[in-house]
Amino acid sequence: MSLSATKVRRSVAVLALTVAAAALTACGATASSSSPAAGAAPNADRAAAATGVSSSVNLDSCSKPTRTIKHDLGTTTITGNPTRVVALEYSFVDALVAVGMSPIGVADDNQPKRIIPALRDKVGAYKSVGLRATPNIQVITALKPDLIVADSGRHKAIYAQLSKIAPTIAYASLNGNYQQVLDSEMSTAIALNKCDEMKQRLAEHGKLMAGYKAEAPADENRKALFVRASDKGFTGFPPKAYTPGVLSAIGIGSALPDSGTDASVSLTLETLVATKPDIMFIAANDGPTLRDTWAKSPLWKQLPAVANNASYDVDPNEWSRSRGLIASEVVAQEAVKLLYGK
Amino acid sequence: MAVSASSVGTVPKPSVDATHKRPKIVTNKQRVTWVALVLLVLLVAGAVWGLSIGSQHIPLTQLPGAIVKADTPGELILQSIRLPRVVLALCVGAALAVAGALMQAVAANPLAAPEIMGVNAGAVFVVVLAITVVPSLSGAPTILLAFGGAAAAGVSVMLLAGSGRGRVSPVRLALAGVTASSLLISLTQVLIIFDENSTDSVLFWLVGGVNFASWHDVRNLLPWLVLGLLGAFAMARPLNLLALGEDMARGLGQNVERTRIIGSALVIVLCGAAVSVAGPVAFIGLIVPHIMRRLVGSSYTVLLPLSALGGGALVLYADILSRYIKPPFEVPAGVVTALLGAPIFVYLARRQKVTTS
């Protein structure tokens, strides 16, 4: 009996794993339906519009003493100016730094080096609240925060617990795209009562990105592929994911077709060959990866990106893990430098 | 015919019995031949199917060129991507299915599967450990590490089950294996939680599949597969005797302990090698031997080779089906085998309950 019970449990576990994997991809999908990045917001006619932010952000609450913040897991009312903020994703550290603040607690995976250089100096001293996947509730409580910014996917299960500690707002970061990241930065700024600072910063961001876009030659029509390479996989990011969104904002299209519901897709060498990327940005994990194996194949050398020396190694922390306004500027700057030497 | 035969009376009765008896023996032999033939046809058809699908359209007329000397991109894709994928699917399926059949014989439990001995969990744990904690260790020696993990888990389970005594009781073996499996699975989950870095790809691999197969994987697996399969086929007679029951086997002069230990060692060899290249593809070791048993009976002389063919076919077709789920992107074949395996397992478990009560 115990045997069959264990077998059932194992089969359930396998199924659960599959379901979880499917749910993970679906998560990114449901959230990625917002309008593409850049361009003026629909409410641009209003004097205090925010550049590049979609209309779903509740700008009406801006600079009021009591603000209603819409977020992925509901609406939260915030009074006063929060100063003790806990960020459970690097994206939200980015948002705080963008308005000149710094968090008191960060879920940094106990690896402070994962906070990219563009943010690290401005963040100052903070308390690590553990892993992003499983932040330490006790440490968060002890910090006595007055605002918690959480990931709407990863931290959904502990949202109620977090809300008991402090007002908690949650946005898509792990599976968020470029537009969602910009929106979440604006919403976070409204919660922080730093509306004007963020609007100014977003305007700067818009100009900066337009400037990077202008660096590209007029006839630029190469398609880029951003991938994560690891020991057991070669993961491509379709047009709606964060990094391709940033690249698209500076005028570089995606080599992968729009696959609708997927936040990321698993590639084989054959699919990679069929994708024919003109440019490849590869964020490889430490140690040997599948890329090293494939690089030996003659097929790899026939990839347009490899044949034309347009395959670049990039830092996974900057290009993939830190999805944010400042991080996207880092990505755009590096892309322009790698592609055009400017 | 039947009516006229019965109407004649009692005289023709023995001849009816005789005609009944003789075809019965022949039928069993014929059955084995037929099942083997059908499996071979399935394998060839599956191989052709597997070679012909992918994100690029490549006519199969390029296949001879691809095997002899690959020059064009199409031939290169066939030769270095699709061919090893098909071959690896067959090898992994054969290894896991034969390991399952061996395990069921050794543990004297029809629901036993390689997972029971903690072998898969051991291999998985060491591979994930290599990926997450010491990335510099992975790469070429990964297969050896995984193999070591499988062996270490398997040996410690056997020691746990039989330590201090001459006999290895099937129940103790299963209990020790389940305990070790649970422990290793939780430790693997701890590793994954601590390292978000490679979670996506590790999760993919944990489901099991041959998506990223290369000739390198096939070369790594092949020596162990040959060793494991030949060893298993050579064990067919002692396993048949063991199937009569432990006391009967002992009475017939069998060294039951030795049979169990060699059988378990072969399970470790087959599973460790298969899991290290393809991940723990679910249910193959459980369902294939059972299907084969229903088709050709439970003599290990035919059951083991046919399980090898059946396992190969199942993983091959699971891999093909998995490619239709989300083309042109990859889904591990383990998803399909789990979907097929779970209902069959429930069926087996229920039937088992009825027969034992």
# chains A, B, ... in the order shown; residues from 1 in each chain; ligands from 1
>>> interface_residues(of="chain A", to="chain B", cutoff="7 Å", atoms="only C-alpha atoms", output="ChimeraX atom specification")
/A:4,11,18,133,230-233,265-268,270-271,274,286-288,299
>>> residues_around(residues="stretch 257-263 of chain B", least_positions_apart="3", cutoff="9 Å", atoms="only C-alpha atoms", output="VMD selection string")
chain B and resid 99 102 to 103 105 to 107 158 166 to 168 231 to 232 235 238 to 239 242 254 266 to 268
>>> write_last_selection(atoms="N, CA and C atoms", output="PDB file, in the first residue's frame")
ATOM      1  N   ALA B  99      15.325  -1.948 -17.223  1.00  0.00           N
ATOM      2  CA  ALA B  99      15.576  -1.719 -15.801  1.00  0.00           C
ATOM      3  C   ALA B  99      14.293  -1.924 -15.003  1.00  0.00           C
ATOM      4  N   LEU B 102      13.576  -5.689 -14.750  1.00  0.00           N
ATOM      5  CA  LEU B 102      14.511  -6.272 -13.782  1.00  0.00           C
ATOM      6  C   LEU B 102      14.074  -5.955 -12.359  1.00  0.00           C
ATOM      7  N   MET B 103      13.709  -4.685 -12.170  1.00  0.00           N
ATOM      8  CA  MET B 103      13.338  -4.211 -10.844  1.00  0.00           C
ATOM      9  C   MET B 103      12.124  -4.963 -10.325  1.00  0.00           C
ATOM     10  N   ALA B 105      11.212  -7.918 -11.097  1.00  0.00           N
ATOM     11  CA  ALA B 105      11.604  -9.285 -10.764  1.00  0.00           C
ATOM     12  C   ALA B 105      12.357  -9.313  -9.442  1.00  0.00           C
ATOM     13  N   VAL B 106      13.295  -8.391  -9.292  1.00  0.00           N
ATOM     14  CA  VAL B 106      14.160  -8.399  -8.113  1.00  0.00           C
ATOM     15  C   VAL B 106      13.371  -8.063  -6.857  1.00  0.00           C
ATOM     16  N   ALA B 107      12.488  -7.068  -6.948  1.00  0.00           N
ATOM     17  CA  ALA B 107      11.727  -6.647  -5.778  1.00  0.00           C
ATOM     18  C   ALA B 107      10.499  -7.511  -5.561  1.00  0.00           C
ATOM     19  N   MET B 158      20.493  -0.676  -0.984  1.00  0.00           N
ATOM     20  CA  MET B 158      20.649  -2.125  -0.795  1.00  0.00           C
ATOM     21  C   MET B 158      21.240  -2.433   0.575  1.00  0.00           C
ATOM     22  N   GLY B 166      21.667 -11.875   5.860  1.00  0.00           N
ATOM     23  CA  GLY B 166      22.007 -12.504   4.583  1.00  0.00           C
ATOM     24  C   GLY B 166      20.938 -12.246   3.534  1.00  0.00           C
ATOM     25  N   ARG B 167      19.701 -12.085   3.988  1.00  0.00           N
ATOM     26  CA  ARG B 167      18.594 -11.959   3.037  1.00  0.00           C
ATOM     27  C   ARG B 167      18.247 -10.495   2.788  1.00  0.00           C
ATOM     28  N   VAL B 168      17.906 -10.203   1.543  1.00  0.00           N
ATOM     29  CA  VAL B 168      17.409  -8.861   1.237  1.00  0.00           C
ATOM     30  C   VAL B 168      15.914  -8.984   0.995  1.00  0.00           C
ATOM     31  N   GLY B 231      23.799  -8.100 -19.741  1.00  0.00           N
ATOM     32  CA  GLY B 231      23.729  -8.650 -18.386  1.00  0.00           C
ATOM     33  C   GLY B 231      22.312  -9.092 -18.055  1.00  0.00           C
ATOM     34  N   ALA B 232      21.333  -8.233 -18.416  1.00  0.00           N
ATOM     35  CA  ALA B 232      19.942  -8.544 -18.107  1.00  0.00           C
ATOM     36  C   ALA B 232      19.483  -9.788 -18.864  1.00  0.00           C
ATOM     37  N   MET B 235      20.563 -12.879 -17.407  1.00  0.00           N
ATOM     38  CA  MET B 235      19.940 -13.191 -16.115  1.00  0.00           C
ATOM     39  C   MET B 235      18.544 -13.791 -16.271  1.00  0.00           C
ATOM     40  N   PRO B 238      17.738 -17.258 -14.163  1.00  0.00           N
ATOM     41  CA  PRO B 238      17.565 -17.077 -12.716  1.00  0.00           C
ATOM     42  C   PRO B 238      16.353 -16.225 -12.363  1.00  0.00           C
ATOM     43  N   LEU B 239      16.041 -15.241 -13.179  1.00  0.00           N
ATOM     44  CA  LEU B 239      14.881 -14.396 -12.886  1.00  0.00           C
ATOM     45  C   LEU B 239      13.589 -15.192 -13.032  1.00  0.00           C
ATOM     46  N   LEU B 242      13.268 -17.159  -9.980  1.00  0.00           N
ATOM     47  CA  LEU B 242      12.916 -16.287  -8.861  1.00  0.00           C
ATOM     48  C   LEU B 242      11.427 -15.962  -8.890  1.00  0.00           C
ATOM     49  N   GLN B 254      18.861 -22.120  -6.546  1.00  0.00           N
ATOM     50  CA  GLN B 254      19.245 -20.767  -6.946  1.00  0.00           C
ATOM     51  C   GLN B 254      19.875 -19.998  -5.793  1.00  0.00           C
ATOM     52  N   LEU B 266      22.482  -4.133 -12.169  1.00  0.00           N
ATOM     53  CA  LEU B 266      22.162  -3.844 -13.573  1.00  0.00           C
ATOM     54  C   LEU B 266      21.158  -2.699 -13.672  1.00  0.00           C
ATOM     55  N   VAL B 267      20.203  -2.664 -12.729  1.00  0.00           N
ATOM     56  CA  VAL B 267      19.236  -1.557 -12.717  1.00  0.00           C
ATOM     57  C   VAL B 267      19.979  -0.234 -12.547  1.00  0.00           C
ATOM     58  N   ILE B 268      20.958  -0.230 -11.630  1.00  0.00           N
ATOM     59  CA  ILE B 268      21.725   1.000 -11.394  1.00  0.00           C
ATOM     60  C   ILE B 268      22.463   1.427 -12.655  1.00  0.00           C
TER      61      ILE B 268
END
>>> select_by_dssp(residues="stretch 90-332 of chain A", states="alpha helix (DSSP H)", output="ChimeraX atom specification")
/A:90-98,117-123,137-142,159-165,178-191,195-215,242-249,269-275,290-294,298-301,304-307,316,325-332
>>> write_last_selection(atoms="C-alpha atoms", output="JSON list (two decimals), in the first residue's frame")
[["chain", "number", "residue", "atom", "x", "y", "z"],
["A", 90, "TYR", "CA", 15.44, 43.70, -8.62],
["A", 91, "SER", "CA", 12.87, 45.54, -10.78],
["A", 92, "PHE", "CA", 11.52, 47.30, -7.71],
["A", 93, "VAL", "CA", 14.99, 48.29, -6.52],
["A", 94, "ASP", "CA", 15.32, 49.87, -9.96],
["A", 95, "ALA", "CA", 12.05, 51.80, -9.42],
["A", 96, "LEU", "CA", 13.21, 53.12, -6.05],
["A", 97, "VAL", "CA", 16.58, 54.22, -7.38],
["A", 98, "ALA", "CA", 14.86, 55.89, -10.34],
["A", 117, "PRO", "CA", 26.52, 48.30, -11.04],
["A", 118, "ALA", "CA", 24.16, 51.01, -12.34],
["A", 119, "LEU", "CA", 22.10, 50.55, -9.17],
["A", 120, "ARG", "CA", 24.56, 49.18, -6.63],
["A", 121, "ASP", "CA", 26.19, 52.42, -5.49],
["A", 122, "LYS", "CA", 22.88, 54.25, -5.21],
["A", 123, "VAL", "CA", 21.24, 51.49, -3.21],
["A", 137, "ILE", "CA", 8.84, 36.78, 6.26],
["A", 138, "GLN", "CA", 10.41, 37.14, 9.72],
["A", 139, "VAL", "CA", 13.21, 39.34, 8.47],
["A", 140, "ILE", "CA", 10.72, 41.45, 6.51],
["A", 141, "THR", "CA", 8.55, 41.85, 9.63],
["A", 142, "ALA", "CA", 11.55, 42.84, 11.74],
["A", 159, "TYR", "CA", 0.55, 38.13, -0.61],
["A", 160, "ALA", "CA", -1.91, 37.96, 2.30],
["A", 161, "GLN", "CA", 0.93, 37.43, 4.75],
["A", 162, "LEU", "CA", 2.88, 40.35, 3.31],
["A", 163, "SER", "CA", -0.19, 42.60, 3.41],
["A", 164, "LYS", "CA", -0.44, 42.01, 7.16],
["A", 165, "ILE", "CA", 3.08, 43.36, 7.61],
["A", 178, "TYR", "CA", 9.14, 46.02, -21.03],
["A", 179, "GLN", "CA", 5.80, 47.84, -21.00],
["A", 180, "GLN", "CA", 4.71, 46.18, -17.75],
["A", 181, "VAL", "CA", 8.02, 47.06, -16.14],
["A", 182, "LEU", "CA", 7.62, 50.76, -17.07],
["A", 183, "ASP", "CA", 4.02, 50.71, -15.81],
["A", 184, "SER", "CA", 5.05, 49.09, -12.54],
["A", 185, "GLU", "CA", 7.76, 51.70, -12.02],
["A", 186, "MET", "CA", 5.19, 54.48, -12.45],
["A", 187, "SER", "CA", 2.71, 52.78, -10.12],
["A", 188, "THR", "CA", 5.41, 52.20, -7.52],
["A", 189, "ALA", "CA", 6.32, 55.87, -7.76],
["A", 190, "ILE", "CA", 2.69, 56.86, -7.18],
["A", 191, "ALA", "CA", 2.69, 54.62, -4.08],
["A", 195, "CYS", "CA", 4.91, 61.04, -9.02],
["A", 196, "ASP", "CA", 6.67, 64.06, -10.47],
["A", 197, "GLU", "CA", 10.13, 62.55, -10.01],
["A", 198, "MET", "CA", 9.11, 59.45, -11.94],
["A", 199, "LYS", "CA", 7.38, 61.40, -14.70],
["A", 200, "GLN", "CA", 10.54, 63.41, -15.16],
["A", 201, "ARG", "CA", 12.64, 60.26, -15.11],
["A", 202, "LEU", "CA", 10.34, 58.58, -17.64],
["A", 203, "ALA", "CA", 10.61, 61.59, -19.93],
["A", 204, "GLU", "CA", 14.41, 61.35, -19.70],
["A", 205, "HIS", "CA", 14.16, 57.63, -20.36],
["A", 206, "GLY", "CA", 12.07, 58.25, -23.46],
["A", 207, "LYS", "CA", 14.60, 60.74, -24.79],
["A", 208, "LEU", "CA", 17.51, 58.46, -23.98],
["A", 209, "MET", "CA", 15.95, 55.48, -25.74],
["A", 210, "ALA", "CA", 15.04, 57.65, -28.74],
["A", 211, "GLY", "CA", 18.68, 58.75, -28.79],
["A", 212, "TYR", "CA", 19.89, 55.14, -28.83],
["A", 213, "LYS", "CA", 17.41, 54.36, -31.56],
["A", 214, "ALA", "CA", 18.83, 57.22, -33.62],
["A", 215, "GLU", "CA", 22.26, 55.59, -33.46],
["A", 242, "TYR", "CA", 11.26, 42.00, -21.58],
["A", 243, "THR", "CA", 14.67, 42.05, -23.29],
["A", 244, "PRO", "CA", 13.36, 41.84, -26.89],
["A", 245, "GLY", "CA", 10.95, 44.64, -25.90],
["A", 246, "VAL", "CA", 13.88, 46.85, -24.88],
["A", 247, "LEU", "CA", 15.72, 46.01, -28.11],
["A", 248, "SER", "CA", 12.59, 46.77, -30.11],
["A", 249, "ALA", "CA", 12.39, 50.20, -28.40],
["A", 269, "LEU", "CA", 20.07, 23.79, -32.68],
["A", 270, "GLU", "CA", 17.77, 22.95, -35.59],
["A", 271, "THR", "CA", 15.19, 25.53, -34.53],
["A", 272, "LEU", "CA", 17.99, 28.01, -34.00],
["A", 273, "VAL", "CA", 19.25, 27.38, -37.54],
["A", 274, "ALA", "CA", 15.70, 27.83, -38.85],
["A", 275, "THR", "CA", 15.32, 31.08, -36.87],
["A", 290, "LEU", "CA", 24.84, 23.81, -24.31],
["A", 291, "ARG", "CA", 26.23, 26.65, -26.43],
["A", 292, "ASP", "CA", 29.76, 25.28, -26.00],
["A", 293, "THR", "CA", 28.60, 21.93, -27.38],
["A", 294, "TRP", "CA", 26.74, 23.50, -30.28],
["A", 298, "PRO", "CA", 29.30, 23.25, -38.54],
["A", 299, "LEU", "CA", 25.64, 24.28, -38.36],
["A", 300, "TRP", "CA", 26.49, 26.82, -35.64],
["A", 301, "LYS", "CA", 29.01, 28.47, -37.92],
["A", 304, "PRO", "CA", 24.06, 34.48, -39.83],
["A", 305, "ALA", "CA", 24.91, 35.99, -36.43],
["A", 306, "VAL", "CA", 27.98, 33.76, -36.07],
["A", 307, "ALA", "CA", 29.07, 34.02, -39.70],
["A", 316, "PRO", "CA", 22.64, 37.72, -17.43],
["A", 325, "LEU", "CA", 13.84, 51.34, -16.30],
["A", 326, "ILE", "CA", 17.51, 51.93, -15.45],
["A", 327, "ALA", "CA", 18.43, 48.34, -16.36],
["A", 328, "SER", "CA", 16.79, 48.74, -19.77],
["A", 329, "GLU", "CA", 18.94, 51.82, -20.41],
["A", 330, "VAL", "CA", 22.01, 49.73, -19.56],
["A", 331, "VAL", "CA", 20.87, 47.07, -22.03],
["A", 332, "ALA", "CA", 20.14, 49.63, -24.75]]
>>> closest_residue(among="B:Ala161, B:Ala243, B:Val32, B:Leu225", to="B:Val275", atoms="only C-alpha atoms")
B:Leu225
>>> atom_distance(atom1="atom CA of B:Val277", atom2="atom CA of B:Asp217")
6.0 Å
>>> atom_distance(atom1="atom CA of A:Glu318", atom2="atom CA of B:Val126")
29.7 Å
>>> closest_residue(among="A:Gly74, A:Gly176, A:Pro135, A:Gly124", to="A:Gly324", atoms="only C-alpha atoms")
A:Gly176
>>> atom_distance(atom1="atom CA of A:Ser56", atom2="atom CA of A:Gly260")
21.1 Å
>>> residues_around(residues="stretch 290-299 of chain B", least_positions_apart="4", cutoff="8 Å", atoms="only C-alpha atoms", output="PyMOL selection string")
chain B and resi 28+31-32+35+236+240+286+303+306-307+310
>>> residues_around(residues="B:Val119", least_positions_apart="5", cutoff="9 Å", atoms="only C-alpha atoms", output="list in words")
Pro114, Val124, Gly149, Ala150, Ala151, Ala152, Ala153, Gly154, Val157, Gly177, Ser181, Val267, Ile268, Cys271 and Gly272 of chain B
>>> write_last_selection(atoms="C-alpha atoms", output="PDB file, in the first residue's frame")
ATOM      1  CA  PRO B 114      13.588   2.033 -11.052  1.00  0.00           C
ATOM      2  CA  VAL B 124      18.992  13.580 -10.572  1.00  0.00           C
ATOM      3  CA  GLY B 149      24.984   9.345  -7.771  1.00  0.00           C
ATOM      4  CA  ALA B 150      22.742   6.579  -9.063  1.00  0.00           C
ATOM      5  CA  ALA B 151      25.168   3.914  -7.909  1.00  0.00           C
ATOM      6  CA  ALA B 152      25.700   5.520  -4.496  1.00  0.00           C
ATOM      7  CA  ALA B 153      21.954   5.831  -3.937  1.00  0.00           C
ATOM      8  CA  GLY B 154      21.319   2.289  -5.166  1.00  0.00           C
ATOM      9  CA  VAL B 157      19.535   1.489  -0.439  1.00  0.00           C
ATOM     10  CA  GLY B 177      14.350   2.867  -1.714  1.00  0.00           C
ATOM     11  CA  SER B 181      14.053   8.694  -3.037  1.00  0.00           C
ATOM     12  CA  VAL B 267      19.236  -1.557 -12.717  1.00  0.00           C
ATOM     13  CA  ILE B 268      21.725   1.000 -11.394  1.00  0.00           C
ATOM     14  CA  CYS B 271      19.063   3.871 -15.008  1.00  0.00           C
ATOM     15  CA  GLY B 272      22.083   5.890 -13.977  1.00  0.00           C
TER      16      GLY B 272
END
>>> select_by_dssp(residues="stretch 67-130 of chain A", states="strand (DSSP E or B)", output="list in words")
Arg67, Thr68, Ile69, Lys70, His71, Gly74, Thr75, Thr76, Thr77, Ile78, Thr79, Val85, Val86, Ala87, Gly105, Val106, Lys127, Ser128 and Gly130 of chain A
>>> write_last_selection(atoms="N, CA, C and O atoms", output="mmCIF file, in the first residue's frame")
data_model
loop_
_atom_site.group_PDB
_atom_site.id
_atom_site.type_symbol
_atom_site.label_atom_id
_atom_site.label_comp_id
_atom_site.auth_asym_id
_atom_site.auth_seq_id
_atom_site.Cartn_x
_atom_site.Cartn_y
_atom_site.Cartn_z
ATOM 1 N N ARG A 67 -3.550 57.650 -1.550
ATOM 2 C CA ARG A 67 -3.545 57.232 -2.955
ATOM 3 C C ARG A 67 -4.023 55.786 -3.090
ATOM 4 O O ARG A 67 -3.684 54.925 -2.280
ATOM 5 N N THR A 68 -4.836 55.573 -4.127
ATOM 6 C CA THR A 68 -5.293 54.217 -4.423
ATOM 7 C C THR A 68 -4.409 53.660 -5.537
ATOM 8 O O THR A 68 -4.335 54.229 -6.619
ATOM 9 N N ILE A 69 -3.734 52.569 -5.230
ATOM 10 C CA ILE A 69 -2.795 52.006 -6.200
ATOM 11 C C ILE A 69 -3.385 50.728 -6.781
ATOM 12 O O ILE A 69 -3.693 49.784 -6.052
ATOM 13 N N LYS A 70 -3.552 50.723 -8.095
ATOM 14 C CA LYS A 70 -3.997 49.493 -8.757
ATOM 15 C C LYS A 70 -2.781 48.610 -8.976
ATOM 16 O O LYS A 70 -1.734 49.077 -9.412
ATOM 17 N N HIS A 71 -2.908 47.345 -8.642
ATOM 18 C CA HIS A 71 -1.807 46.425 -8.963
ATOM 19 C C HIS A 71 -2.373 45.063 -9.346
ATOM 20 O O HIS A 71 -3.592 44.870 -9.339
ATOM 21 N N GLY A 74 -4.842 43.309 -6.908
ATOM 22 C CA GLY A 74 -5.919 44.078 -6.292
ATOM 23 C C GLY A 74 -5.608 45.561 -6.265
ATOM 24 O O GLY A 74 -4.818 46.051 -7.063
ATOM 25 N N THR A 75 -6.253 46.286 -5.333
ATOM 26 C CA THR A 75 -5.940 47.700 -5.139
ATOM 27 C C THR A 75 -5.565 47.914 -3.676
ATOM 28 O O THR A 75 -6.124 47.279 -2.794
ATOM 29 N N THR A 76 -4.602 48.787 -3.467
ATOM 30 C CA THR A 76 -4.125 49.043 -2.111
ATOM 31 C C THR A 76 -4.131 50.545 -1.880
ATOM 32 O O THR A 76 -3.740 51.308 -2.766
ATOM 33 N N THR A 77 -4.597 50.946 -0.698
ATOM 34 C CA THR A 77 -4.636 52.366 -0.375
ATOM 35 C C THR A 77 -3.431 52.722 0.483
ATOM 36 O O THR A 77 -3.138 52.033 1.459
ATOM 37 N N ILE A 78 -2.731 53.766 0.076
ATOM 38 C CA ILE A 78 -1.524 54.159 0.796
ATOM 39 C C ILE A 78 -1.642 55.620 1.205
ATOM 40 O O ILE A 78 -1.987 56.487 0.397
ATOM 41 N N THR A 79 -1.369 55.879 2.488
ATOM 42 C CA THR A 79 -1.430 57.243 3.018
ATOM 43 C C THR A 79 -0.027 57.691 3.400
ATOM 44 O O THR A 79 0.755 56.881 3.917
ATOM 45 N N VAL A 85 10.954 50.829 2.602
ATOM 46 C CA VAL A 85 10.394 49.997 1.538
ATOM 47 C C VAL A 85 11.201 48.707 1.392
ATOM 48 O O VAL A 85 12.429 48.732 1.403
ATOM 49 N N VAL A 86 10.478 47.592 1.268
ATOM 50 C CA VAL A 86 11.129 46.304 0.995
ATOM 51 C C VAL A 86 10.821 45.919 -0.452
ATOM 52 O O VAL A 86 9.659 45.896 -0.867
ATOM 53 N N ALA A 87 11.869 45.638 -1.243
ATOM 54 C CA ALA A 87 11.711 45.261 -2.644
ATOM 55 C C ALA A 87 12.005 43.773 -2.794
ATOM 56 O O ALA A 87 13.074 43.317 -2.422
ATOM 57 N N GLY A 105 15.157 46.832 2.592
ATOM 58 C CA GLY A 105 15.321 45.390 2.480
ATOM 59 C C GLY A 105 15.155 44.954 1.039
ATOM 60 O O GLY A 105 14.310 45.496 0.323
ATOM 61 N N VAL A 106 15.988 44.017 0.599
ATOM 62 C CA VAL A 106 15.921 43.523 -0.775
ATOM 63 C C VAL A 106 16.004 41.999 -0.748
ATOM 64 O O VAL A 106 16.838 41.436 -0.031
ATOM 65 N N LYS A 127 19.180 45.514 4.088
ATOM 66 C CA LYS A 127 19.175 44.194 4.719
ATOM 67 C C LYS A 127 18.656 43.188 3.696
ATOM 68 O O LYS A 127 17.612 43.406 3.081
ATOM 69 N N SER A 128 19.392 42.100 3.505
ATOM 70 C CA SER A 128 18.909 41.058 2.597
ATOM 71 C C SER A 128 17.764 40.313 3.254
ATOM 72 O O SER A 128 17.852 39.914 4.415
ATOM 73 N N GLY A 130 16.588 37.543 1.937
ATOM 74 C CA GLY A 130 16.672 36.157 1.472
ATOM 75 C C GLY A 130 16.465 36.006 -0.021
ATOM 76 O O GLY A 130 16.723 36.917 -0.800
#
>>> closest_residue(among="A:Gln111, A:Ile158, A:Ala172, A:Arg84", to="A:Leu143", atoms="only C-alpha atoms")
A:Arg84
>>> closest_residue(among="A:Arg114, A:Leu225, A:Ser102, A:Gly341", to="A:Asn317", atoms="only C-alpha atoms")
A:Arg114
